[in-house]
file entry-v6.txt (compact mmCIF, C-alpha atoms)
# COMPACT_ATOMS: atom_id res chain seq x y z
CA MET A 1 0.00 0.00 0.00
CA ARG A 2 2.79 2.36 0.93
CA LYS A 3 4.61 1.62 -2.36
CA ILE A 4 1.44 2.38 -4.34
CA THR A 5 0.96 5.70 -2.48
CA ILE A 6 4.55 6.77 -3.14
CA PHE A 7 4.13 5.78 -6.80
CA PHE A 8 1.10 8.06 -7.24
CA ILE A 9 2.81 10.91 -5.38
CA LEU A 10 5.72 10.71 -7.81
CA ILE A 11 3.37 10.71 -10.80
CA ILE A 12 1.54 13.78 -9.49
CA ALA A 13 4.82 15.59 -8.76
CA VAL A 14 6.16 14.92 -12.25
CA THR A 15 2.86 15.95 -13.84
CA PHE A 16 2.65 19.28 -12.04
CA SER A 17 6.32 20.11 -12.49
CA GLY A 18 5.84 19.61 -16.25
CA CYS A 19 2.80 21.91 -16.26
CA GLY A 20 4.91 24.80 -15.06
CA LYS A 21 7.35 24.59 -17.96
CA LYS A 22 6.85 26.69 -21.07
CA GLY A 23 7.64 25.42 -24.51
CA GLU A 24 10.33 26.96 -26.69
CA LEU A 25 9.85 30.60 -27.66
CA GLY A 26 7.57 30.73 -30.67
CA SER A 27 5.57 27.65 -29.67
CA GLN A 28 1.82 27.57 -29.05
CA ASP A 29 2.16 27.90 -25.26
CA ASN A 30 5.05 30.38 -25.45
CA PRO A 31 4.38 32.68 -28.42
CA ILE A 32 6.72 35.46 -29.49
CA LYS A 33 5.28 38.57 -27.85
CA MET A 34 5.29 41.51 -30.25
CA TYR A 35 4.50 44.91 -28.74
CA PHE A 36 3.50 48.05 -30.60
CA VAL A 37 3.57 51.62 -29.27
CA PRO A 38 0.28 53.59 -29.09
CA SER A 39 1.33 56.37 -31.47
CA MET A 40 -1.87 55.86 -33.47
CA GLU A 41 -5.43 54.97 -32.48
CA ALA A 42 -5.06 51.82 -30.37
CA GLY A 43 -7.75 49.85 -32.20
CA LYS A 44 -6.07 50.40 -35.57
CA VAL A 45 -2.67 49.45 -34.17
CA VAL A 46 -4.06 46.22 -32.71
CA SER A 47 -5.84 45.16 -35.92
CA SER A 48 -2.81 45.92 -38.09
CA GLY A 49 -0.47 44.26 -35.60
CA GLU A 50 -2.56 41.10 -35.56
CA ALA A 51 -2.62 41.01 -39.36
CA ILE A 52 1.19 41.24 -39.39
CA ALA A 53 1.48 38.55 -36.71
CA SER A 54 -0.77 36.25 -38.71
CA GLN A 55 1.46 36.51 -41.76
CA LEU A 56 4.62 36.12 -39.71
CA GLU A 57 3.22 32.86 -38.35
CA LEU A 58 2.82 31.57 -41.91
CA LEU A 59 6.27 32.74 -42.98
CA THR A 60 8.26 31.65 -39.94
CA GLY A 61 6.30 28.80 -38.38
CA TYR A 62 6.37 30.60 -35.03
CA LYS A 63 3.38 31.64 -32.96
CA PHE A 64 2.94 35.33 -32.09
CA LYS A 65 0.98 37.38 -29.58
CA VAL A 66 0.30 41.10 -30.08
CA ALA A 67 -0.10 43.81 -27.43
CA VAL A 68 -0.37 47.61 -27.39
CA PRO A 69 0.46 49.04 -23.93
CA THR A 70 -0.64 52.52 -22.89
CA SER A 71 2.73 54.26 -23.32
CA TYR A 72 6.09 54.06 -25.04
CA ALA A 73 7.78 53.54 -21.67
CA ALA A 74 5.57 50.52 -20.96
CA VAL A 75 6.82 48.81 -24.12
CA ILE A 76 10.43 49.51 -23.16
CA GLU A 77 9.96 48.16 -19.65
CA ALA A 78 8.22 45.05 -21.03
CA MET A 79 11.28 44.33 -23.16
CA GLY A 80 13.50 44.71 -20.11
CA VAL A 81 11.70 41.94 -18.21
CA SER A 82 11.22 39.65 -21.25
CA GLN A 83 7.49 40.33 -21.29
CA ALA A 84 7.94 41.64 -24.84
CA ASP A 85 10.26 39.90 -27.30
CA ILE A 86 9.91 42.33 -30.20
CA GLY A 87 9.13 46.02 -29.95
CA TRP A 88 8.11 48.29 -32.82
CA LEU A 89 9.92 51.21 -31.21
CA PRO A 90 10.08 54.85 -32.29
CA THR A 91 13.57 56.29 -32.55
CA PHE A 92 14.02 57.66 -29.06
CA ALA A 93 12.27 54.70 -27.46
CA TYR A 94 14.87 52.49 -29.13
CA ILE A 95 17.67 54.63 -27.67
CA LEU A 96 16.15 54.10 -24.21
CA ALA A 97 15.69 50.37 -24.71
CA LYS A 98 19.28 50.02 -25.88
CA GLN A 99 20.66 52.01 -22.97
CA ARG A 100 18.65 50.31 -20.26
CA PHE A 101 18.26 46.76 -21.47
CA ASN A 102 20.72 46.33 -24.38
CA ALA A 103 17.87 45.82 -26.84
CA GLN A 104 19.06 44.81 -30.31
CA ILE A 105 17.93 46.76 -33.35
CA GLY A 106 16.92 44.72 -36.39
CA LEU A 107 15.25 47.00 -38.92
CA THR A 108 14.72 50.65 -39.70
CA THR A 109 11.44 51.54 -41.39
CA ILE A 110 11.17 53.28 -44.76
CA ARG A 111 8.55 55.91 -45.58
CA ASN A 112 8.24 57.39 -49.05
CA GLY A 113 11.67 56.05 -49.89
CA LEU A 114 13.24 57.76 -46.88
CA GLU A 115 14.95 56.30 -43.82
CA SER A 116 14.52 59.53 -41.85
CA TYR A 117 11.81 62.06 -40.96
CA ARG A 118 11.35 65.33 -39.06
CA GLY A 119 9.30 66.74 -36.26
CA GLN A 120 6.81 69.52 -36.99
CA PHE A 121 5.14 72.32 -35.05
CA VAL A 122 1.49 72.75 -36.10
CA VAL A 123 -1.09 75.43 -35.31
CA ARG A 124 -4.62 76.25 -36.42
CA ALA A 125 -4.67 77.99 -39.78
CA ASP A 126 -6.41 80.99 -38.20
CA SER A 127 -3.84 81.26 -35.38
CA ASP A 128 -1.63 84.32 -34.94
CA ILE A 129 1.33 81.99 -34.36
CA LYS A 130 3.38 82.14 -37.54
CA SER A 131 6.91 81.23 -36.42
CA LEU A 132 8.86 79.54 -33.62
CA ALA A 133 9.30 82.87 -31.84
CA ASP A 134 5.53 83.21 -31.57
CA ILE A 135 5.37 80.04 -29.45
CA GLU A 136 6.76 81.93 -26.46
CA GLY A 137 4.24 81.67 -23.61
CA LYS A 138 1.81 79.45 -25.56
CA THR A 139 0.40 75.99 -24.70
CA ILE A 140 2.00 73.04 -26.50
CA ALA A 141 0.61 69.53 -26.93
CA PHE A 142 3.55 67.14 -27.20
CA THR A 143 2.93 63.46 -27.94
CA ASP A 144 4.82 61.37 -25.38
CA ALA A 145 7.89 62.03 -23.21
CA SER A 146 9.77 59.31 -25.14
CA SER A 147 8.79 60.55 -28.61
CA THR A 148 11.69 61.86 -30.69
CA SER A 149 9.68 63.92 -33.19
CA GLY A 150 6.81 64.68 -30.83
CA TYR A 151 8.88 65.92 -27.89
CA ILE A 152 12.67 65.46 -27.81
CA TYR A 153 13.69 67.25 -31.00
CA PRO A 154 10.99 69.98 -30.76
CA SER A 155 11.89 70.80 -27.14
CA ALA A 156 15.59 70.85 -28.07
CA LEU A 157 14.88 73.31 -30.89
CA LEU A 158 12.87 75.57 -28.59
CA LYS A 159 15.64 75.53 -26.00
CA LYS A 160 18.27 76.29 -28.64
CA ASN A 161 16.27 79.36 -29.67
CA GLY A 162 15.54 80.50 -26.11
CA ILE A 163 11.78 79.97 -26.46
CA THR A 164 9.78 78.99 -23.36
CA PRO A 165 6.17 77.81 -23.71
CA GLY A 166 3.62 78.94 -21.14
CA LYS A 167 2.76 75.32 -20.41
CA TYR A 168 2.77 71.95 -22.11
CA TYR A 169 1.27 68.50 -21.73
CA PHE A 170 1.53 65.06 -23.33
CA ALA A 171 -1.48 64.26 -25.49
CA GLY A 172 -0.71 60.53 -25.63
CA GLY A 173 0.12 60.13 -29.33
CA HIS A 174 0.64 61.92 -32.63
CA PRO A 175 -3.00 62.04 -33.76
CA GLN A 176 -3.98 63.20 -30.27
CA ALA A 177 -1.50 66.10 -30.45
CA ILE A 178 -2.92 67.12 -33.84
CA LEU A 179 -6.48 66.98 -32.51
CA SER A 180 -5.50 69.00 -29.45
CA VAL A 181 -4.77 71.88 -31.82
CA TYR A 182 -7.73 71.20 -34.12
CA GLN A 183 -10.14 71.22 -31.16
CA GLY A 184 -8.56 74.25 -29.49
CA ARG A 185 -7.09 72.56 -26.40
CA ALA A 186 -3.56 73.63 -27.32
CA ASP A 187 -2.07 76.50 -29.31
CA VAL A 188 0.68 74.36 -30.79
CA GLY A 189 1.07 70.63 -31.45
CA CYS A 190 4.21 68.62 -32.16
CA SER A 191 4.24 65.44 -34.26
CA TYR A 192 6.13 63.61 -37.00
CA TRP A 193 6.45 64.89 -40.58
CA SER A 194 7.63 63.42 -43.91
CA PRO A 195 7.52 64.95 -47.41
CA ALA A 196 4.25 64.83 -49.33
CA ALA A 197 3.52 61.91 -51.63
CA ASP A 198 1.08 62.33 -54.52
CA SER A 199 0.32 65.83 -53.16
CA ILE A 200 -0.81 64.36 -49.82
CA PRO A 201 1.18 65.45 -46.74
CA GLN A 202 2.70 62.44 -44.99
CA ASP A 203 2.49 63.55 -41.39
CA ALA A 204 0.33 62.88 -38.33
CA ARG A 205 -2.60 64.80 -39.80
CA LYS A 206 -3.04 62.03 -42.36
CA ALA A 207 -3.93 59.60 -39.55
CA VAL A 208 -7.15 61.50 -38.75
CA MET A 209 -8.19 62.57 -42.27
CA ASP A 210 -11.01 60.02 -42.50
CA THR A 211 -12.67 61.37 -39.35
CA TYR A 212 -11.72 65.03 -39.86
CA PRO A 213 -11.65 65.66 -43.65
CA ASP A 214 -10.71 69.34 -43.22
CA ILE A 215 -7.69 68.64 -41.00
CA MET A 216 -5.15 69.61 -43.69
CA GLU A 217 -6.76 73.01 -44.14
CA GLN A 218 -7.47 73.71 -40.47
CA VAL A 219 -4.14 72.58 -38.98
CA VAL A 220 -0.89 73.68 -40.65
CA PRO A 221 2.86 73.37 -39.91
CA ILE A 222 4.91 76.48 -39.14
CA ALA A 223 8.35 74.97 -38.40
CA PHE A 224 10.33 71.74 -38.54
CA THR A 225 13.09 70.03 -36.58
CA ASP A 226 16.29 68.49 -37.96
CA TRP A 227 16.09 65.10 -39.67
CA ILE A 228 15.68 62.00 -37.45
CA PRO A 229 16.36 58.34 -38.33
CA ASN A 230 13.09 56.43 -38.69
CA ASP A 231 11.55 54.12 -36.10
CA THR A 232 12.63 50.54 -35.61
CA VAL A 233 11.79 46.88 -35.20
CA THR A 234 13.83 45.92 -32.15
CA PHE A 235 14.48 42.63 -30.33
CA ARG A 236 14.98 42.20 -26.62
CA GLN A 237 18.36 41.02 -25.41
CA GLY A 238 18.65 37.24 -25.46
CA ILE A 239 16.55 36.50 -28.54
CA SER A 240 18.26 33.76 -30.54
CA GLU A 241 19.92 34.63 -33.83
CA GLU A 242 17.70 32.07 -35.55
CA ILE A 243 14.47 33.77 -34.43
CA ARG A 244 15.85 37.21 -35.15
CA THR A 245 16.94 36.27 -38.68
CA LYS A 246 13.68 34.49 -39.53
CA VAL A 247 11.53 37.40 -38.31
CA ILE A 248 13.64 40.01 -40.10
CA ASN A 249 13.56 38.09 -43.38
CA ALA A 250 9.82 37.47 -43.03
CA LEU A 251 9.05 41.14 -42.39
CA MET A 252 11.14 42.28 -45.34
CA ALA A 253 9.40 39.74 -47.59
CA TYR A 254 5.96 40.66 -46.24
CA ALA A 255 6.63 44.34 -46.95
CA GLN A 256 6.96 43.48 -50.65
CA THR A 257 3.49 41.93 -50.91
CA ALA A 258 0.31 43.84 -51.72
CA GLU A 259 -1.24 42.87 -48.39
CA GLY A 260 1.92 43.77 -46.53
CA LYS A 261 2.16 47.19 -48.14
CA ARG A 262 -1.47 47.93 -47.26
CA THR A 263 -1.23 46.74 -43.65
CA LEU A 264 2.08 48.47 -42.91
CA GLN A 265 0.70 51.70 -44.33
CA GLU A 266 -2.35 51.41 -42.10
CA LEU A 267 -0.14 50.70 -39.09
CA TYR A 268 2.58 53.38 -39.04
CA SER A 269 2.58 54.59 -42.69
CA VAL A 270 5.49 52.22 -43.38
CA ASP A 271 6.30 51.09 -46.93
CA GLY A 272 9.40 48.99 -46.31
CA PHE A 273 12.40 48.14 -44.15
CA VAL A 274 16.20 48.25 -44.28
CA LEU A 275 18.65 46.38 -42.10
CA ALA A 276 19.91 48.57 -39.27
CA VAL A 277 22.79 48.80 -36.81
CA ASP A 278 23.00 50.73 -33.57
CA ALA A 279 25.48 53.28 -34.95
CA ASP A 280 22.76 54.56 -37.31
CA TYR A 281 21.20 56.21 -34.24
CA ASP A 282 24.24 58.00 -32.88
CA VAL A 283 22.87 61.24 -34.34
CA VAL A 284 20.01 61.03 -31.82
CA ARG A 285 22.45 60.56 -28.97
CA GLU A 286 24.26 63.67 -30.17
CA ALA A 287 20.97 65.59 -29.94
CA LEU A 288 20.62 64.44 -26.33
CA ASP A 289 24.13 65.63 -25.59
CA ALA A 290 23.20 69.03 -27.01
CA LEU A 291 20.30 69.15 -24.53
CA ASP A 292 22.68 68.07 -21.76
CA LYS A 293 20.30 65.19 -21.08
CA ASN A 294 20.53 61.43 -21.02
CA ALA A 295 17.96 58.88 -22.11
CA GLU A 296 17.24 57.78 -18.55
CA GLU A 297 15.96 61.23 -17.60
CA PHE A 298 13.35 61.15 -20.36
CA LEU A 299 12.18 57.67 -19.38
CA LYS A 300 11.41 59.00 -15.90

call {"tool": "encode", "arguments": {"input": "entry-v6.txt", "output": "structure tokens"}}
result
Amino acid sequence: MRKITIFFILIIAVTFSGCGKKGELGSQDNPIKMYFVPSMEAGKVVSSGEAIASQLELLTGYKFKVAVPTSYAAVIEAMGVSQADIGWLPTFAYILAKQRFNAQIGLTTIRNGLESYRGQFVVRADSDIKSLADIEGKTIAFTDASSTSGYIYPSALLKKNGITPGKYYFAGGHPQAILSVYQGRADVGCSYWSPAADSIPQDARKAVMDTYPDIMEQVVPIAFTDWIPNDTVTFRQGISEEIRTKVINALMAYAQTAEGKRTLQELYSVDGFVLAVDADYDVVREALDALDKNAEEFLK
């Protein structure tokens, strides 16, 4: 009787110890967790992200899980504790993730044939603000404290020119900053900008055109920042070279398909990728040095 009891105890112990183990990364019970930043309307980011994940599953054989946290910083922190395996990180968010958690860049996005973009200052078309100097004492809607085009570069430019806003706040994303100006909650908004394609401006205003058809006429740019390297697809430290290579190759192939082009445009207005290395982003670190800041301060 005692032997039988011990036998069943051993079976139970082995069974439960096995239940606690996860499969290999990319398996059904341990999918690759791919996080996107909320720089666009969350619902659109989720639907586009899931469409990308679905195709990556077909191309790589791995399983994926998509999430869109409430802030850029949340994505960075998730990568630091292996809660996120891949982060679609804006430029400055990548700098933070590299500094804090040695995240590994894989790809730089391409928009309209360009690997870089700028930040813009926008105002209502009927505003009396016509230049950077006119921003003195006004209310600014930045995007996020970790946004390169929506906060870091614009604030550096204002500081360089000795311009102090009356107050500022973080709207929570690029479309939100644009709408803050459109709806009169802020005098000035800061967001990303790229050159027009087919006579259509390729900046954050485009993201809300369907809901606000007059946005291009009502909200206009008055100034721009220096050029900034585009956002990234970044891997957390510790991801195997095999997974990294398969995902990179799959994304680059997907970007060449009709479905891929459509989905990536709907996501972050992306039309392709190029392979990237960390040194490509040293220009951003130089901008931080000019502000006498470090990445850690902005994460806080």

call {"tool": "atom_distance", "arguments": {"input": "entry-v6.txt", "atom1": "CA of Lys63 in chain A", "atom2": "CA of Gln28 in chain A"}}
result
5.9 Å

call {"tool": "atom_distance", "arguments": {"input": "entry-v6.txt", "atom1": "CA of Tyr268 in chain A", "atom2": "CA of Trp227 in chain A"}}
result
17.9 Å

call {"tool": "closest_residue", "arguments": {"input": "entry-v6.txt", "among": "A:His174, A:Lys293, A:Arg236, A:Lys246", "to": "Thr60 in chain A", "atoms": "all atoms listed in the file"}}
result
A:Lys246

call {"tool": "closest_residue", "arguments": {"input": "entry-v6.txt", "among": "A:Ser54, A:Thr211, A:Ser127, A:Thr148", "to": "Tyr72 in chain A", "atoms": "only C-alpha atoms"}}
result
A:Thr148

call {"tool": "atom_distance", "arguments": {"input": "entry-v6.txt", "atom1": "CA of Ala67 in chain A", "atom2": "CA of Asp282 in chain A"}}
result
28.7 Å

call {"tool": "closest_residue", "arguments": {"input": "entry-v6.txt", "among": "A:Ser47, A:Ser71, A:Ser180, A:Thr234", "to": "Met34 in chain A", "atoms": "only C-alpha atoms"}}
result
A:Thr234

call {"tool": "closest_atom_pairs", "arguments": {"input": "entry-v6.txt", "of": "range 40-66 of chain A", "to": "range 83-99 of chain A", "cutoff": "12 Å", "atoms": "all atoms listed in the file", "output": "tab-separated table"}}
result
residue	atom	partner	partner_atom	distance
A:Val45	CA	A:Trp88	CA	10.9
A:Gly49	CA	A:Trp88	CA	9.9
A:Ile52	CA	A:Trp88	CA	11.9
A:Ala53	CA	A:Ile86	CA	11.3
A:Phe64	CA	A:Asp85	CA	9.9
A:Lys65	CA	A:Ala84	CA	9.4
A:Val66	CA	A:Ala84	CA	9.3
